[in-house]
Amino acid sequence: MLNWLDQRTGALTQMKEFLTEDVPGGASYWYAFGSATVFAMILQIATGIFLCFYYAPSTATAWESTKFLIEKVPAGHFVLSLHYWGASAMIAFMTMHLLQVLLWGAYKKPRELQWIVGVLLFIVTLVLGLTGYLLPWDLDALLASKVAIDIAGNAPVAGPAVQQFLQDGTTIGTLTINRFFGLHVWLMPALLVLLVGAHLSIFRWNGPAGPPIDEAPKLKPGRFWPEQLFMDTILSFVLFVIVLALAAFSPVPLDDKADPNNVTFVAYPAWYFLALYALLDTVGKLPSSIGQVASLFATIVGPTLLVVLLVVLPFIDRNPSRRLSRRPWVLAITALVMLGAIGFSWIGQSNVVEGQLRAGIIGPNAVVAASSPASTSSAATTTGGATSDGGASTAAAGASVYTANCSGCHGATGVGAPGAFPPLAGNPVVVGDPNAVIKIVSGGLNGSITVKGAKFNGTMPAWKGTLSNAQIASVITYIRSTWGNSASAVTEAQVAAQAK
């Protein structure tokens, strides 16, 4: 059977040639970083598929589905934590692999394209980390992602178009989550797999570069099987054990649900973006006359030039030697960049900790960053039902309900999203017949509508059953009495009457 298969595919012959090839300089753990990175990618794909079974991408369901996964799904929190820490492991090992190739001069002829594909893989992996950060839709996800989107929007020429593509509207909301979800789950993984295939194919053609020496290795060559494969397996196993331990003893946190009106929460970006955030914070303290230019250079021009330098490095480094002692400029620049990245990452972490201490988010005087959904619902139900307090107290409760359930689509200030969700400020329907508003909020709204001459095609979910009558009354009262709107309050009794 195996001979029959090999005669028609050549799979066994190719595998034998692959396993029995010599490794220049002998097997080494230095060569295992690439294999460990591929293992981390497989771990991310496997855990990501599991998470997709439970995740629902919208402002009304993203946080709730993540919370359900953590609290209700067997091993859900553990798998989510594996995915969370696996992302860090993949980026860390890919960084080490990239640095090893750079330091050993393995990007030189004939491996220029192999190096360029590796740089593209590194960028795609960082984009995966960025797009996945928003998906839990908690406070940190919202605020950290907003900074990243704003950075992209500040780029010259293409910046506004990139920001519009990433945000998919005027504010971060359901459309943004769907855009990031599509990038994170479909486009970026597809590019990642294609690039990994290309990288391995070119590697198989060129063969291993070997240690950073100019003459043929004097060490006895070792076989890929079993020597090098054993070392690859050991390092991948160590990576897996570390990720397992972190997932078990430091599970991924879930902050309170995203609230665009929360001004006290201090976001903490992923460690691999700390240096960029620190740069942005540092130049933000400069005088306004140079601050904008400095910010553009720190967040757009500088990183772009670094990527371009990495891509063209094989073509501008004319030194034929791979010896470390004969390549002082490359090593010096690499050392400076790494020291800068580590230094700014330390500054960024310090800034986050100091900001959270000042805000009382951590430390002995820590307070809750924002109301939990349970307390929000409870407060809204109690206050919303107490109509004897008047419309003011009902509207106050409605503000919490609006932030938790409506602001993602209609915006924190009721501006809506062009073409999708209508503005609530100055909307004649909102301030018109209260029974009509109750019907829309309770039963939802589908299809094209026209508001003040503009058409909108978004889908309004039915909140009946999700929100109590008191909550529906309070949120309607809120939108009818804020942002310049002035209309009568809605009571719980009116909502109940419409529900019959």
# chains A, B, ... in the order shown; residues from 1 in each chain; ligands from 1
>>> residues_around(residues="stretch 287-302 of chain A", least_positions_apart="3", cutoff="8 Å", atoms="only C-alpha atoms", output="list in words")
Ile151, Ala152, Asn154, Ala155, Leu276, Leu279, Leu280, Val283, Gly284, Leu305 and Leu306 of chain A
>>> select_by_dssp(residues="stretch 135-200 of chain A", states="alpha helix (DSSP H)", output="JSON, numbers by chain")
{"A": [139, 140, 141, 142, 143, 144, 145, 146, 147, 148, 149, 150, 151, 152, 153, 159, 160, 161, 162, 163, 164, 165, 166, 167, 174, 175, 176, 177, 178, 179, 180, 181, 182, 188, 189, 190, 191, 192, 193, 194, 195, 196, 197, 198, 199, 200]}
>>> write_last_selection(atoms="C-alpha atoms", output="tab-separated table (two decimals), in the first residue's frame")
chain	number	residue	atom	x	y	z
A	139	LEU	CA	-12.58	48.21	28.50
A	140	ASP	CA	-8.97	47.41	27.70
A	141	ALA	CA	-9.88	46.03	24.28
A	142	LEU	CA	-11.79	49.18	23.34
A	143	LEU	CA	-9.30	51.77	24.57
A	144	ALA	CA	-6.12	50.01	23.42
A	145	SER	CA	-7.60	49.31	19.99
A	146	LYS	CA	-8.79	52.91	19.69
A	147	VAL	CA	-5.22	54.12	20.14
A	148	ALA	CA	-4.00	51.71	17.47
A	149	ILE	CA	-6.72	52.78	15.02
A	150	ASP	CA	-5.99	56.45	15.67
A	151	ILE	CA	-2.29	55.83	15.00
A	152	ALA	CA	-3.17	54.25	11.65
A	153	GLY	CA	-5.45	57.19	10.87
A	159	GLY	CA	-4.25	57.25	6.86
A	160	PRO	CA	-7.93	58.28	6.74
A	161	ALA	CA	-8.75	55.46	4.31
A	162	VAL	CA	-6.96	52.91	6.52
A	163	GLN	CA	-8.78	54.22	9.59
A	164	GLN	CA	-12.13	54.02	7.80
A	165	PHE	CA	-11.33	50.45	6.72
A	166	LEU	CA	-10.33	49.36	10.22
A	167	GLN	CA	-13.09	51.20	12.06
A	174	THR	CA	-20.31	46.49	15.90
A	175	LEU	CA	-18.95	47.13	12.41
A	176	THR	CA	-15.44	47.50	13.83
A	177	ILE	CA	-15.69	44.23	15.73
A	178	ASN	CA	-16.91	42.44	12.60
A	179	ARG	CA	-14.08	43.95	10.55
A	180	PHE	CA	-11.45	42.92	13.11
A	181	PHE	CA	-13.04	39.48	13.45
A	182	GLY	CA	-12.85	38.93	9.70
A	188	MET	CA	-4.60	37.07	8.34
A	189	PRO	CA	-4.56	33.29	9.06
A	190	ALA	CA	-4.90	32.60	5.32
A	191	LEU	CA	-1.95	34.89	4.60
A	192	LEU	CA	-0.01	33.33	7.48
A	193	VAL	CA	-0.45	29.77	6.19
A	194	LEU	CA	0.44	30.78	2.62
A	195	LEU	CA	3.56	32.63	3.77
A	196	VAL	CA	4.64	29.74	6.02
A	197	GLY	CA	4.25	27.38	3.06
A	198	ALA	CA	6.32	29.71	0.87
A	199	HIS	CA	8.95	30.12	3.59
A	200	LEU	CA	9.33	26.36	4.07
>>> residues_around(residues="A:Ala245", least_positions_apart="4", cutoff="12 Å", atoms="only C-alpha atoms", output="short mmCIF file (atom, residue, chain, number, x, y, z; two decimals) with N, CA, C and O atoms, in the first residue's frame")
data_model
loop_
_atom_site.label_atom_id
_atom_site.label_comp_id
_atom_site.auth_asym_id
_atom_site.auth_seq_id
_atom_site.Cartn_x
_atom_site.Cartn_y
_atom_site.Cartn_z
N PHE A 78 -9.71 28.05 30.16
CA PHE A 78 -8.38 27.49 29.96
C PHE A 78 -7.97 27.56 28.48
O PHE A 78 -6.84 27.96 28.16
N SER A 81 -7.24 31.08 27.55
CA SER A 81 -5.94 31.47 28.10
C SER A 81 -4.80 30.86 27.29
O SER A 81 -3.75 31.50 27.10
N LEU A 82 -4.99 29.62 26.82
CA LEU A 82 -3.99 29.02 25.93
C LEU A 82 -3.82 29.87 24.67
O LEU A 82 -2.69 30.10 24.22
N TRP A 85 -1.99 33.29 25.73
CA TRP A 85 -0.55 33.16 25.97
C TRP A 85 0.17 32.56 24.76
O TRP A 85 1.35 32.83 24.54
N GLY A 86 -0.55 31.75 23.97
CA GLY A 86 0.05 31.22 22.76
C GLY A 86 0.42 32.31 21.78
O GLY A 86 1.43 32.20 21.05
N VAL A 238 8.90 22.47 25.47
CA VAL A 238 9.15 23.49 26.51
C VAL A 238 8.21 24.68 26.32
O VAL A 238 7.63 25.19 27.29
N LEU A 239 8.06 25.12 25.08
CA LEU A 239 7.13 26.21 24.78
C LEU A 239 5.72 25.85 25.25
O LEU A 239 5.04 26.67 25.89
N PHE A 240 5.29 24.63 24.93
CA PHE A 240 3.94 24.20 25.29
C PHE A 240 3.75 24.15 26.80
O PHE A 240 2.71 24.56 27.32
N VAL A 241 4.75 23.67 27.52
CA VAL A 241 4.67 23.59 28.98
C VAL A 241 4.56 24.99 29.58
O VAL A 241 3.78 25.23 30.52
N PHE A 249 -2.09 29.11 35.69
CA PHE A 249 -1.83 29.91 36.89
C PHE A 249 -2.00 31.41 36.67
O PHE A 249 -2.04 32.18 37.65
N SER A 250 -2.09 31.86 35.41
CA SER A 250 -2.33 33.27 35.13
C SER A 250 -3.32 33.38 33.97
O SER A 250 -2.96 33.83 32.87
N PRO A 251 -4.57 32.97 34.20
CA PRO A 251 -5.56 32.96 33.11
C PRO A 251 -5.84 34.36 32.59
O PRO A 251 -5.66 35.36 33.31
#
>>> select_by_dssp(residues="stretch 3-242 of chain A", states="strand (DSSP E)", output="PDB file with N, CA and C atoms, in the first residue's frame")
ATOM      1  N   ASP A  22      21.542  16.104   5.757  1.00  0.00           N
ATOM      2  CA  ASP A  22      22.531  16.555   6.724  1.00  0.00           C
ATOM      3  C   ASP A  22      22.229  17.986   7.174  1.00  0.00           C
ATOM      4  N   VAL A  23      22.533  18.278   8.428  1.00  0.00           N
ATOM      5  CA  VAL A  23      22.399  19.621   8.988  1.00  0.00           C
ATOM      6  C   VAL A  23      23.798  20.215   9.092  1.00  0.00           C
ATOM      7  N   GLY A 222      25.225  16.501  11.221  1.00  0.00           N
ATOM      8  CA  GLY A 222      24.250  15.614  11.834  1.00  0.00           C
ATOM      9  C   GLY A 222      23.024  15.510  10.957  1.00  0.00           C
ATOM     10  N   ARG A 223      22.290  14.430  11.107  1.00  0.00           N
ATOM     11  CA  ARG A 223      21.080  14.223  10.331  1.00  0.00           C
ATOM     12  C   ARG A 223      19.903  14.967  10.961  1.00  0.00           C
TER      13      ARG A 223
END
>>> closest_residue(among="A:Met15, A:Leu254, A:Val119, A:Ile476", to="A:Leu99", atoms="only C-alpha atoms")
A:Val119
>>> residues_around(residues="A:Asn446", least_positions_apart="4", cutoff="10 Å", atoms="only C-alpha atoms", output="PyMOL selection string")
chain A and resi 440+457-462
>>> residues_around(residues="stretch 44-55 of chain A", least_positions_apart="5", cutoff="12 Å", atoms="only C-alpha atoms", output="JSON, numbers by chain")
{"A": [37, 38, 39, 60, 61, 62, 63, 64, 65, 66, 67, 68, 69, 70, 72, 73, 74, 75, 76, 77, 78, 79, 80, 81, 82, 83, 84, 85, 86, 87, 88, 89, 90, 91, 125, 128, 129, 132, 135, 136, 137, 177, 178, 181, 182, 184, 185, 186, 188, 189, 190, 192, 193, 240, 243]}
>>> residues_around(residues="stretch 342-348 of chain A", least_positions_apart="4", cutoff="8 Å", atoms="only C-alpha atoms", output="list in words")
Trp271, Phe273, Leu274, Ala275, Leu276, Tyr277, Ala278, Leu279, Met338 and Val352 of chain A
>>> closest_residue(among="A:Ser350, A:Arg322, A:Asn262, A:Ser474", to="A:Glu215", atoms="only C-alpha atoms")
A:Arg322
>>> closest_residue(among="A:Leu286, A:Val401, A:Val495, A:Ile479", to="A:Ala436", atoms="only C-alpha atoms")
A:Val495
>>> residues_around(residues="A:Ser488", least_positions_apart="2", cutoff="10 Å", atoms="only C-alpha atoms", output="ChimeraX atom specification")
/A:391,431-434,476-477,480-481,485-486,490-491
>>> atom_distance(atom1="atom CA of A:Trp104", atom2="atom CA of A:Arg323")
7.3 Å
>>> closest_residue(among="A:Lys16, A:Leu134, A:Leu324, A:Thr95", to="A:Ser58", atoms="only C-alpha atoms")
A:Leu134
